[in-house]
Each structure stands twice: as structure tokens, then as C-alpha cells.
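Single-structure report; data block below.
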Amino acid sequence: MSSQAIHDDSTAAAPDVARVPSQIGEPAPRRRSLPRLLGAFLRDVFRTRLDKSRARIRVVAFGFAAIYCVVGGRLIQLGMRPDTPDTFKHVAAEAAAAARPDIIDRNGEILATDIRVMSIFAEPKRIIDKDEAVELLTAVLPDVNARELRDRLSSRKGFAWVKRGVTPKEQEEVFRLGLPGVGFLPEDKRVYPNGPIAAHVLGLTNVDNAGIAGIEKYIDDQGLGALHGAGFNLSAADMKPVRLSLDLKVTYALRDELLQGIAKYKANAAAGAILDVNTGEVIALASLPDYDPNTAAAEALDKDHINRLTVGVYEMGSTFKAISLAMALDSNKVTLNSRIDARGTLRYGRFTIHDYEAKSRVLTVPEVFTFSSNIGAARMALMVGVEAHKAFLRKMGQLDRMRTELPESAEPLYPRNWGELNTMTIAFGHGIAVAPLQAAMAVGALMNGGLMINPTFLPRTAEEARANAPRVIRAETSEEMRYLMRLNAEKGTAQKANIPGYFVGGKTGTAEKVMFGHYQRHKLFTTFMAIVPADKPRYLFLTTYDEPKGLPETGGFATAAWNSGVVTGKIIERVGPLLGMAPRIDLPEQPFPLVAKLGIGITR
């Protein structure tokens, strides 16, 4: 009954004691709570004891490593998101319009250039209240469609345009709104300082500054578009200006005279060009109605605003007689001394060909040209034959699409089943429709010595042009044609363009328009082609009018001599000095030496 027995009883009564005392009489330890254990741990950690230092360092290092891993993992996660600042900057840079080279005329005058503008963009994911943002933005940008903007801001994309190319005032007003997720991005915008001047040659760009027509599209097709697509960030300073063959001042004068003619003759449309016959360079071109490439592209796409010299195809009327007579002369079927029977109408089956002003007699070849005889031209074409006629027109570039730097061009229209009747009518410009510049190219070859030089809108020397120019007629035939053109300006239908001092040669062309499958007598398409000077040609002038009206001072006549011919004369007189052609007081003594050997009277 000793103390040992008492201890044993207490042990049995408390089986959950933590440990058995090592000595009799040692008090049993008390159970510790979790807060006490944590406090003891912290006291041990932060107690300055050398034997605990290594453990403390391990704990602190582990803590820093854990923090580093958390922060690093978050940075990696942010870096993988598509709307990070770096990725957004890349998207914005790709969306901004790319720079383009300047376009200048042959004298260095600016025709097209880039300016730096600000555009407004949005980050849809950062916009809190999209309806409010749309309401505020459209209030200061009234030309922005609210529904379209709401759709763009509701998209899941990280970038959306609000408006491209804003004015400084619009930029300031949007900035004052203070909308989160709306910002400004500088980009290049194409501008055309001269408005509609040479619009059909220059073409235009879209909102992304990519060429969609004219020389602008040609530049992209030459490699600029591929460079931009490959991600090359080019500036205008990195690119050499594109020089054209156009003369800005001459083009302005040409367009101005055409406009005055439209108003005077109440025509639907007009077009004109000046072509260097020795190089093929297009010095000036205008097609009316035209458009301002600085405005919306929809204006350029209007069907009434096409380039009537390369896209429109028309029956060219009697200007085609120059080609027909050259064919007959070059094939030796006739000479300038030959005579053609034009005493009566020319019948073919149920069809009858007659002259506009019938002379009802036998005509010499020069008279066929100066009187513009349909019968004479048809008879000479029949002398050559159908197949030879087709071959000659193909050689003259009239049966295939004309190709220039301008992407826009049209296929000529001609009969697939070509018989004698077709040859007869095509000889005087009916039954075949070509682009006016295409016909001018052929007449230019007849004037320059017989070389077919394709038109170009880029500078080119005569040597470069002749290197790839095939001969289509003999030099002697070319001189004969120049003689006929000069004779027609002095005594024939081209007299109204015979400006003193310029030794002009010319040919009129009047064609009835085809509508609903029938020729319309009172709806005319008139053409005039002039060569200056006729003895040593430099420039070919082309003028066309669509449905000009007769006037009291023209006696009610609306044929080419009374409108296209008159306007061409005014153009020659106005731009001659600009082209370096001052009027000559003394005309050449022997302008056509080869023709003189035939014993034909020479006109001066």
C-alpha cells in the first residue's frame, strides 16, 4: 500500500497521458494546444540562437523561391495572352496604312504623296460600357455608323478601328471624352494635291493605302504590295518617287478645254490625250466626267467615271480610214495617183454604203481621204481582201487588248464571222469598236515612220521605244499618210484645227452610236486626231465627244469637224508653247520629198 500502489491506480485512471514518468513522483505533462505550438515554433525561429541559424536560412530561402515562382508564372501567363502590350502594338502596326512612294510628273511636280494623319482605334475588351462609348463617339463623329461601331466594339477581337484619318478637331474632341480603351494611332494617308487632274491615270488607294486602280495599283503590282505583305515597314523617304510621262500643266490645259467643250456642245462626256509618237509617252490624258481621288472610292467606281480612253470601246468612225488607206498604199494595191469609183452607192446584198457628202464621181486617193469617202475606203479594203485586212488590223494592234501600265483596259469588239461586208464597213470605222487610245496608237505608227510603239505612262527615250517597236508599214507609206493628213487639214474635213504656224495634219471621225442593236442617227460619237507638225511629227492629239449637240453657229451640225475638231485646234494653240513648240513663221519648203517625186502637188 505504498506509494507505488497509489501511482499505479492513478495511471490506470488516466490512460491518455502523454508519457510515463521516469521517476516516481514526477508530475504528468499537460496537453498543448495548436496556438501554443505555433507560438513556440515562431519563438524558436526568431530566437537568436546559433544552432537554429541554418534552419532559418532554409525557411527564408524556401519562401523567396515560392514567391519567385508565383510571380514568374504570372508573367509567363500574361506573356501568352494575345492582348499583351507587345502583341497589341504589333497588331496595331499591321493595321495602320503602309507608306507609298510619291508620284511626280515628268517635270518633278507632285501628283500623289503621303501625309501623316491620326486614326482612332478601340480595344473592345477594355471598354466597360460599350453603349455609352458608342453614344459618346458618334456624338463627336457623326459620320460614323452607330450600329457598325457597336458591332465592332462587341467583337472579341483585341483591336477595332473607330475612324480612320480624323481631323485635328475630331482628335481633340475624342481625347476629351477620356474613354478607356480608345486611343490614337498615326498612319499614312494618300493625298492628291491636284484633285481630279490626271485622276484616271493615277488611280487611287483604299483606306489601308493599298493601290486599287491606275498607276497606284501598278506600283503595288511591281512589288510594293509584296513588301508590305512581308512586313517591311517602309517610309516614303525609303522609296524613290515614281516619275510619270505626264506633264501636269499640259494635262490641266487639256482637261480645261474639254470641259469648256462639254458645256458648249452639251455633250454627255469627253476625253482627250496627247501622245508622243516617237517615244509612245502619254503626255496628257483626261476623261470626263472624272472624280477626285481624295474623296470616297465609290465615286471612282461610278460607271460614268470610267477611263473612256482605255476602258471604253467605241466605233471610231472615219479616223479608221487612215488605217485603211495606209493598208492599201502599203500593199501596193493603190498609189496616191490611183482613182477610185465613187460615182454611185456601193451595194452588197440588201445593204447599201453611201457617202455623207457624195461627190458622185471618180475620186483620187487623196480625195477619198479629204472628202472622207466611205465608198472609196470600202473599195480599197476589198482590193486588199478580207484575210489581209484582218491581218493588217491585228498587226496595227486593233484586234487585241492594248496593254499599258494602267491595269484597266478593254477588249476590242469585232465580228467573229468576218466576211466581205464586215471588211467594207470596218474600212470606214463601223462594225469594230476599240479603245480610243488604241486607235491613236495605230495612227501614231502611221505618222512616226512606220513603227508600232506601245503607249506608256512612264518616261522613255526614242531609242528605248524603237528598240522593241516592230515595223508595220514602210517609211514611204508613212510619209504619204503624213501628206494626206496635212492635205486634209488644209483643204478637207480637218480645217478647223489648222492652227497657223503649227503645220497641223488631222482626220475627223463621226460614228452613230449603237443602242438596242440599232444605229441612232442623232446620237453621235465624234473623234478628231491631229498630228503636229505634219512634216516631222512629234505629238498626236486625240479628242472625243459623246453625243455633242448641234448649235446655231454650226448650222445644226454635230459631226466631228464642228466640235472635236474645233476643240483640238484650241488645245494645240494653248499647249503648243508648253510642249516647246512655238508657232513657225516660215513653213518647210519641201515637207514631203518622196511624195513630191510622184509629181503630186505639195500642200504647205
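So you can find residues: chains in the C-alpha cells are A, B, ... in the order shown, residues in each start at 1, and ligands are numbered from 1 in order.
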
With a distance cut-off of 8 Å and only C-alpha atoms, select the neighbouring residues of range 580-588 of chain A, excluding the residue or stretch itself and same-chain residues fewer than 5 positions from it, and output the selection as an MDAnalysis selection string. chainID A and resid 500:503 535 604

Generate a file of the selected residues that holds C-alpha atoms, formatted as a short mmCIF file (atom, residue, chain, number, x, y, z; two decimals), in the first residue's frame.
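After the write, part.cif holds the following:
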data_model
loop_
_atom_site.label_atom_id
_atom_site.label_comp_id
_atom_site.auth_asym_id
_atom_site.auth_seq_id
_atom_site.Cartn_x
_atom_site.Cartn_y
_atom_site.Cartn_z
CA PRO A 500 -1.39 78.80 -138.20
CA GLY A 501 2.28 78.15 -137.57
CA TYR A 502 1.91 74.55 -136.36
CA PHE A 503 1.68 72.72 -139.73
CA ASP A 535 6.42 67.17 -141.69
CA ARG A 604 2.12 73.78 -147.38
#

For range 105-111 of chain A, list every protein, DNA or RNA residue within 7 Å, evaluated using only C-alpha atoms, and leave out those in the same chain fewer than 2 positions away; present the list as a PyMOL selection string. chain A and resi 103+113+192-194+243-248

Between A:Asp114, A:Asp102, A:Glu173, A:Asp290, which is the closest to Leu137 in chain A once you count only C-alpha atoms? A:Glu173

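Using only C-alpha atoms, the contacts of range 441-449 of chain A at a cut-off of 6 Å, with sequence neighbours closer than 5 positions omitted, comprise Val277, Met396, Ala475, Ser478 and Arg482 of chain A.
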
Could the residues in this selection be saved with N, CA and C atoms as a PDB file, in the first residue's frame?
ATOM      1  N   VAL A 277       4.580  60.567-130.493  1.00  0.00           N
ATOM      2  CA  VAL A 277       4.574  59.457-131.455  1.00  0.00           C
ATOM      3  C   VAL A 277       5.939  58.803-131.598  1.00  0.00           C
ATOM      4  N   MET A 396      -1.636  46.137-136.549  1.00  0.00           N
ATOM      5  CA  MET A 396      -1.755  47.503-136.042  1.00  0.00           C
ATOM      6  C   MET A 396      -2.310  47.559-134.621  1.00  0.00           C
ATOM      7  N   ALA A 475       8.518  53.228-144.555  1.00  0.00           N
ATOM      8  CA  ALA A 475       8.728  54.651-144.286  1.00  0.00           C
ATOM      9  C   ALA A 475       8.083  55.505-145.366  1.00  0.00           C
ATOM     10  N   SER A 478       4.464  55.883-144.641  1.00  0.00           N
ATOM     11  CA  SER A 478       4.279  56.821-143.534  1.00  0.00           C
ATOM     12  C   SER A 478       4.315  58.259-144.036  1.00  0.00           C
ATOM     13  N   ARG A 482       1.335  61.098-143.845  1.00  0.00           N
ATOM     14  CA  ARG A 482       1.518  62.439-143.273  1.00  0.00           C
ATOM     15  C   ARG A 482       1.067  63.509-144.280  1.00  0.00           C
TER      16      ARG A 482
END

Would you mind writing down, as a PyMOL selection string, each residue of range 391-442 of chain A that DSSP on the backbone assigns to alpha helix (DSSP H)? chain A and resi 391-395+420-426+436-442

Compile the contact shell of Lys570 in chain A as a PyMOL selection string: residues with an atom at most 10 Å away, counting only C-alpha atoms, same-chain residues fewer than 5 positions apart removed. chain A and resi 253-254+257-258+496-499+565+575-576

Could you save the residues just selected, with N, CA and C atoms, as an mmCIF file, in the first residue's frame?
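File written: part-v2.cif
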data_model
loop_
_atom_site.group_PDB
_atom_site.id
_atom_site.type_symbol
_atom_site.label_atom_id
_atom_site.label_comp_id
_atom_site.auth_asym_id
_atom_site.auth_seq_id
_atom_site.Cartn_x
_atom_site.Cartn_y
_atom_site.Cartn_z
ATOM 1 N N ALA A 253 -4.469 71.940 -118.920
ATOM 2 C CA ALA A 253 -4.992 72.695 -120.067
ATOM 3 C C ALA A 253 -5.896 71.818 -120.924
ATOM 4 N N LEU A 254 -5.493 70.570 -121.163
ATOM 5 C CA LEU A 254 -6.307 69.639 -121.944
ATOM 6 C C LEU A 254 -7.666 69.439 -121.288
ATOM 7 N N GLU A 257 -9.972 72.584 -121.566
ATOM 8 C CA GLU A 257 -10.571 72.782 -122.886
ATOM 9 C C GLU A 257 -11.685 71.767 -123.144
ATOM 10 N N LEU A 258 -11.488 70.540 -122.680
ATOM 11 C CA LEU A 258 -12.536 69.528 -122.835
ATOM 12 C C LEU A 258 -13.789 69.909 -122.052
ATOM 13 N N LYS A 496 -10.728 73.066 -139.370
ATOM 14 C CA LYS A 496 -10.984 73.850 -138.169
ATOM 15 C C LYS A 496 -9.905 73.669 -137.108
ATOM 16 N N ALA A 497 -9.026 72.706 -137.283
ATOM 17 C CA ALA A 497 -7.911 72.514 -136.357
ATOM 18 C C ALA A 497 -6.593 72.993 -136.954
ATOM 19 N N ASN A 498 -6.648 73.621 -138.092
ATOM 20 C CA ASN A 498 -5.430 74.050 -138.783
ATOM 21 C C ASN A 498 -4.939 75.380 -138.198
ATOM 22 N N ILE A 499 -4.295 75.300 -137.050
ATOM 23 C CA ILE A 499 -3.802 76.488 -136.352
ATOM 24 C C ILE A 499 -2.549 77.004 -137.069
ATOM 25 N N GLY A 565 -13.058 68.666 -133.656
ATOM 26 C CA GLY A 565 -12.037 69.348 -134.438
ATOM 27 C C GLY A 565 -11.752 70.746 -133.915
ATOM 28 N N VAL A 575 -1.500 74.525 -125.737
ATOM 29 C CA VAL A 575 -0.410 73.755 -125.124
ATOM 30 C C VAL A 575 0.844 73.715 -125.982
ATOM 31 N N GLY A 576 0.767 74.180 -127.242
ATOM 32 C CA GLY A 576 1.943 74.172 -128.095
ATOM 33 C C GLY A 576 3.165 74.785 -127.424
#

For Gln438 in chain A, work out the shell of residues within 10 Å, counting only C-alpha atoms and skipping chain neighbours fewer than 2 positions away, then give it as a list in words. Leu309, Thr310, Val313, Met396, Gly397, Gln398, Leu399, Asp400, Arg401, Met402, Arg403, Ser409, Ala410, Pro412, Val434, Ala435, Pro436, Ala440, Met441, Ala442, Val443, Gly444, Asn454 and Pro455 of chain A

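Pairwise distance (CA of Tyr545 in chain A, CA of Ala269 in chain A) equals 6.0 Å.
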
Residue neighbourhood range 150-158 of chain A, 6 Å, only C-alpha atoms, exclusion window fewer than 2 positions, as a tab-separated table (two decimals) with N, CA and C atoms, in the first residue's frame:
chain	number	residue	atom	x	y	z
A	123	GLU	N	-9.92	49.21	-78.06
A	123	GLU	CA	-9.65	47.87	-77.56
A	123	GLU	C	-10.95	47.38	-76.91
A	124	PRO	N	-11.75	46.63	-77.65
A	124	PRO	CA	-13.09	46.25	-77.14
A	124	PRO	C	-13.08	45.62	-75.75
A	147	ARG	N	-24.49	51.62	-85.49
A	147	ARG	CA	-24.71	50.17	-85.44
A	147	ARG	C	-23.42	49.42	-85.79
A	148	GLU	N	-22.73	49.88	-86.81
A	148	GLU	CA	-21.48	49.21	-87.19
A	148	GLU	C	-20.44	49.34	-86.10

Can you tell me how far CA of Phe175 in chain A sits from CA of Val191 in chain A, in Å to one decimal? 25.2 Å

Taking only C-alpha atoms into account, produce a table as JSON lines in which each residue of range 198-307 of chain A with an atom at most 12 Å from an atom of range 507-531 of chain A appears once, together with its shortest atom pair and the distance in Å to one decimal, ordered by chain and rising number.
{"residue": "A:Tyr265", "atom": "CA", "partner": "A:Thr526", "partner_atom": "CA", "distance": 11.7}
{"residue": "A:Ala267", "atom": "CA", "partner": "A:Phe525", "partner_atom": "CA", "distance": 9.7}
{"residue": "A:Asn268", "atom": "CA", "partner": "A:Phe525", "partner_atom": "CA", "distance": 10.1}
{"residue": "A:Ala269", "atom": "CA", "partner": "A:Phe525", "partner_atom": "CA", "distance": 9.8}
{"residue": "A:Ala270", "atom": "CA", "partner": "A:Thr526", "partner_atom": "CA", "distance": 9.5}
{"residue": "A:Ala271", "atom": "CA", "partner": "A:Thr527", "partner_atom": "CA", "distance": 9.5}
{"residue": "A:Gly272", "atom": "CA", "partner": "A:Thr527", "partner_atom": "CA", "distance": 9.5}
{"residue": "A:Ala273", "atom": "CA", "partner": "A:Met529", "partner_atom": "CA", "distance": 9.7}
{"residue": "A:Ile274", "atom": "CA", "partner": "A:Ala530", "partner_atom": "CA", "distance": 9.6}
{"residue": "A:Leu275", "atom": "CA", "partner": "A:Ile531", "partner_atom": "CA", "distance": 9.6}
{"residue": "A:Asp276", "atom": "CA", "partner": "A:Ile531", "partner_atom": "CA", "distance": 9.9}
{"residue": "A:Val277", "atom": "CA", "partner": "A:Ile531", "partner_atom": "CA", "distance": 8.9}
{"residue": "A:Asn278", "atom": "CA", "partner": "A:Ile531", "partner_atom": "CA", "distance": 11.9}

Can those selected residues be exported to a file as an mmCIF file, in the first residue's frame so that it contains C-alpha atoms?
data_model
loop_
_atom_site.group_PDB
_atom_site.id
_atom_site.type_symbol
_atom_site.label_atom_id
_atom_site.label_comp_id
_atom_site.auth_asym_id
_atom_site.auth_seq_id
_atom_site.Cartn_x
_atom_site.Cartn_y
_atom_site.Cartn_z
ATOM 1 C CA TYR A 265 -21.801 71.442 -127.183
ATOM 2 C CA ALA A 267 -22.160 66.643 -124.655
ATOM 3 C CA ASN A 268 -22.599 63.755 -122.252
ATOM 4 C CA ALA A 269 -18.876 63.141 -121.917
ATOM 5 C CA ALA A 270 -15.487 63.865 -123.445
ATOM 6 C CA ALA A 271 -11.951 62.509 -123.439
ATOM 7 C CA GLY A 272 -8.603 63.535 -124.797
ATOM 8 C CA ALA A 273 -4.945 62.588 -124.875
ATOM 9 C CA ILE A 274 -1.619 63.870 -126.172
ATOM 10 C CA LEU A 275 0.806 61.180 -127.295
ATOM 11 C CA ASP A 276 4.481 61.490 -128.232
ATOM 12 C CA VAL A 277 4.574 59.457 -131.455
ATOM 13 C CA ASN A 278 8.346 58.890 -131.257
#

Would you give me, as a PyMOL selection string, the residues in range 231-378 of chain A that DSSP reads as strand (DSSP E or B)? chain A and resi 242-243+269-276+281-288+314+339-342+346-348+351-353+361-364

Using only C-alpha atoms, determine which residues lie at most 12 Å from Ile323 in chain A, disregarding the query and same-chain residues fewer than 2 positions distant; provide the list as a ChimeraX atom specification. /A:316-321,325-330,369,377-378,380-381,389-390,392-398,426-429,439-447,450,472-473,477-478,481,484-485,507

How would the residues just picked look written out with N, CA and C atoms as a compact mmCIF listing (two decimals), in the first residue's frame?
# COMPACT_ATOMS: atom_id res chain seq x y z
N MET A 316 -14.87 54.12 -134.08
CA MET A 316 -14.08 55.35 -134.21
C MET A 316 -14.39 56.13 -135.49
N GLY A 317 -15.32 55.63 -136.29
CA GLY A 317 -15.72 56.38 -137.47
C GLY A 317 -14.57 56.55 -138.46
N SER A 318 -14.55 57.70 -139.13
CA SER A 318 -13.65 57.89 -140.26
C SER A 318 -12.18 58.02 -139.90
N THR A 319 -11.85 58.13 -138.59
CA THR A 319 -10.43 58.10 -138.25
C THR A 319 -9.82 56.76 -138.64
N PHE A 320 -10.67 55.72 -138.76
CA PHE A 320 -10.17 54.40 -139.19
C PHE A 320 -9.78 54.41 -140.67
N LYS A 321 -10.24 55.41 -141.42
CA LYS A 321 -9.87 55.48 -142.83
C LYS A 321 -8.37 55.69 -143.01
N LEU A 325 -6.48 53.35 -145.63
CA LEU A 325 -5.70 53.86 -146.77
C LEU A 325 -4.24 53.47 -146.65
N ALA A 326 -3.71 53.47 -145.43
CA ALA A 326 -2.32 53.05 -145.24
C ALA A 326 -2.15 51.59 -145.64
N MET A 327 -3.15 50.77 -145.33
CA MET A 327 -3.10 49.35 -145.71
C MET A 327 -3.07 49.21 -147.23
N ALA A 328 -3.93 49.95 -147.92
CA ALA A 328 -3.98 49.85 -149.37
C ALA A 328 -2.70 50.37 -150.02
N LEU A 329 -2.16 51.47 -149.50
CA LEU A 329 -0.92 52.02 -150.05
C LEU A 329 0.26 51.11 -149.78
N ASP A 330 0.33 50.57 -148.57
CA ASP A 330 1.49 49.74 -148.20
C ASP A 330 1.49 48.40 -148.93
N PHE A 369 -9.60 60.60 -149.06
CA PHE A 369 -9.26 60.95 -147.68
C PHE A 369 -9.85 62.30 -147.29
N ALA A 377 -13.08 54.16 -149.28
CA ALA A 377 -12.37 53.34 -148.30
C ALA A 377 -12.79 51.88 -148.40
N ALA A 378 -14.09 51.63 -148.61
CA ALA A 378 -14.59 50.25 -148.71
C ALA A 378 -14.01 49.56 -149.94
N MET A 380 -11.17 50.17 -151.50
CA MET A 380 -9.75 49.88 -151.31
C MET A 380 -9.54 48.70 -150.38
N ALA A 381 -10.39 48.56 -149.34
CA ALA A 381 -10.28 47.42 -148.44
C ALA A 381 -10.59 46.11 -149.17
N HIS A 389 -6.89 42.09 -144.70
CA HIS A 389 -7.41 43.19 -143.89
C HIS A 389 -7.34 42.84 -142.41
N LYS A 390 -7.80 41.64 -142.07
CA LYS A 390 -7.75 41.21 -140.68
C LYS A 390 -6.31 41.15 -140.18
N PHE A 392 -3.75 42.87 -141.22
CA PHE A 392 -3.19 44.20 -141.08
C PHE A 392 -3.69 44.87 -139.80
N LEU A 393 -4.98 44.74 -139.51
CA LEU A 393 -5.53 45.33 -138.30
C LEU A 393 -4.94 44.69 -137.05
N ARG A 394 -4.67 43.40 -137.12
CA ARG A 394 -4.03 42.75 -135.97
C ARG A 394 -2.61 43.27 -135.80
N LYS A 395 -1.91 43.44 -136.91
CA LYS A 395 -0.56 44.00 -136.85
C LYS A 395 -0.56 45.41 -136.29
N MET A 396 -1.64 46.14 -136.55
CA MET A 396 -1.76 47.50 -136.04
C MET A 396 -2.31 47.56 -134.62
N GLY A 397 -2.48 46.40 -133.99
CA GLY A 397 -2.89 46.36 -132.60
C GLY A 397 -4.35 46.64 -132.35
N GLN A 398 -5.21 46.44 -133.36
CA GLN A 398 -6.62 46.78 -133.23
C GLN A 398 -7.52 45.59 -132.90
N ILE A 426 -15.86 48.08 -141.80
CA ILE A 426 -14.75 48.36 -140.89
C ILE A 426 -13.75 49.30 -141.54
N ALA A 427 -13.67 49.30 -142.85
CA ALA A 427 -12.75 50.19 -143.56
C ALA A 427 -13.02 51.65 -143.24
N PHE A 428 -14.29 52.00 -142.98
CA PHE A 428 -14.58 53.38 -142.62
C PHE A 428 -15.03 53.51 -141.16
N GLY A 429 -14.64 52.54 -140.32
CA GLY A 429 -14.79 52.68 -138.87
C GLY A 429 -16.09 52.25 -138.28
N ALA A 439 -6.69 53.18 -130.90
CA ALA A 439 -6.72 53.70 -132.27
C ALA A 439 -5.65 54.76 -132.47
N ALA A 440 -5.43 55.59 -131.45
CA ALA A 440 -4.39 56.61 -131.54
C ALA A 440 -3.01 55.98 -131.66
N MET A 441 -2.79 54.85 -130.99
CA MET A 441 -1.52 54.14 -131.10
C MET A 441 -1.25 53.74 -132.55
N ALA A 442 -2.30 53.25 -133.24
CA ALA A 442 -2.13 52.84 -134.63
C ALA A 442 -1.85 54.02 -135.54
N VAL A 443 -2.59 55.12 -135.36
CA VAL A 443 -2.36 56.31 -136.18
C VAL A 443 -0.97 56.88 -135.90
N GLY A 444 -0.52 56.80 -134.65
CA GLY A 444 0.84 57.24 -134.32
C GLY A 444 1.90 56.47 -135.09
N ALA A 445 1.68 55.15 -135.26
CA ALA A 445 2.62 54.35 -136.03
C ALA A 445 2.63 54.77 -137.50
N LEU A 446 1.48 55.18 -138.02
CA LEU A 446 1.42 55.65 -139.41
C LEU A 446 2.19 56.94 -139.59
N MET A 447 2.34 57.73 -138.51
CA MET A 447 2.96 59.04 -138.59
C MET A 447 4.45 59.05 -138.28
N GLY A 450 6.48 54.45 -139.37
CA GLY A 450 6.01 53.08 -139.57
C GLY A 450 6.31 52.13 -138.44
N VAL A 472 5.52 48.26 -139.07
CA VAL A 472 4.22 47.81 -139.55
C VAL A 472 3.93 48.33 -140.96
N ILE A 473 4.54 49.44 -141.36
CA ILE A 473 4.42 49.93 -142.74
C ILE A 473 5.77 50.49 -143.16
N THR A 477 5.34 54.81 -147.04
CA THR A 477 3.90 54.86 -146.77
C THR A 477 3.60 55.85 -145.65
N SER A 478 4.46 55.88 -144.64
CA SER A 478 4.28 56.82 -143.53
C SER A 478 4.31 58.26 -144.04
N MET A 481 1.09 59.09 -145.76
CA MET A 481 -0.01 59.32 -144.81
C MET A 481 0.13 60.68 -144.15
N LEU A 484 -1.26 63.12 -146.55
CA LEU A 484 -2.72 63.12 -146.58
C LEU A 484 -3.32 63.82 -145.35
N MET A 485 -2.71 63.61 -144.21
CA MET A 485 -3.19 64.29 -143.00
C MET A 485 -3.05 65.80 -143.13
N LYS A 507 -7.51 64.24 -138.97
CA LYS A 507 -8.58 63.43 -139.55
C LYS A 507 -9.76 63.41 -138.58

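Rounded to one decimal, CA of Lys189 in chain A and CA of Lys125 in chain A lie 27.7 Å from each other.
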
Counting only C-alpha atoms, closest pick from A:Arg54, A:Arg474, A:Arg164, A:Arg74 relative to Ile120 in chain A is A:Arg164

Looking at A:Glu299, A:Asp220, A:Glu405, A:Glu357, which one is nearest to Phe371 in chain A, with distances taken over only C-alpha atoms? A:Glu357
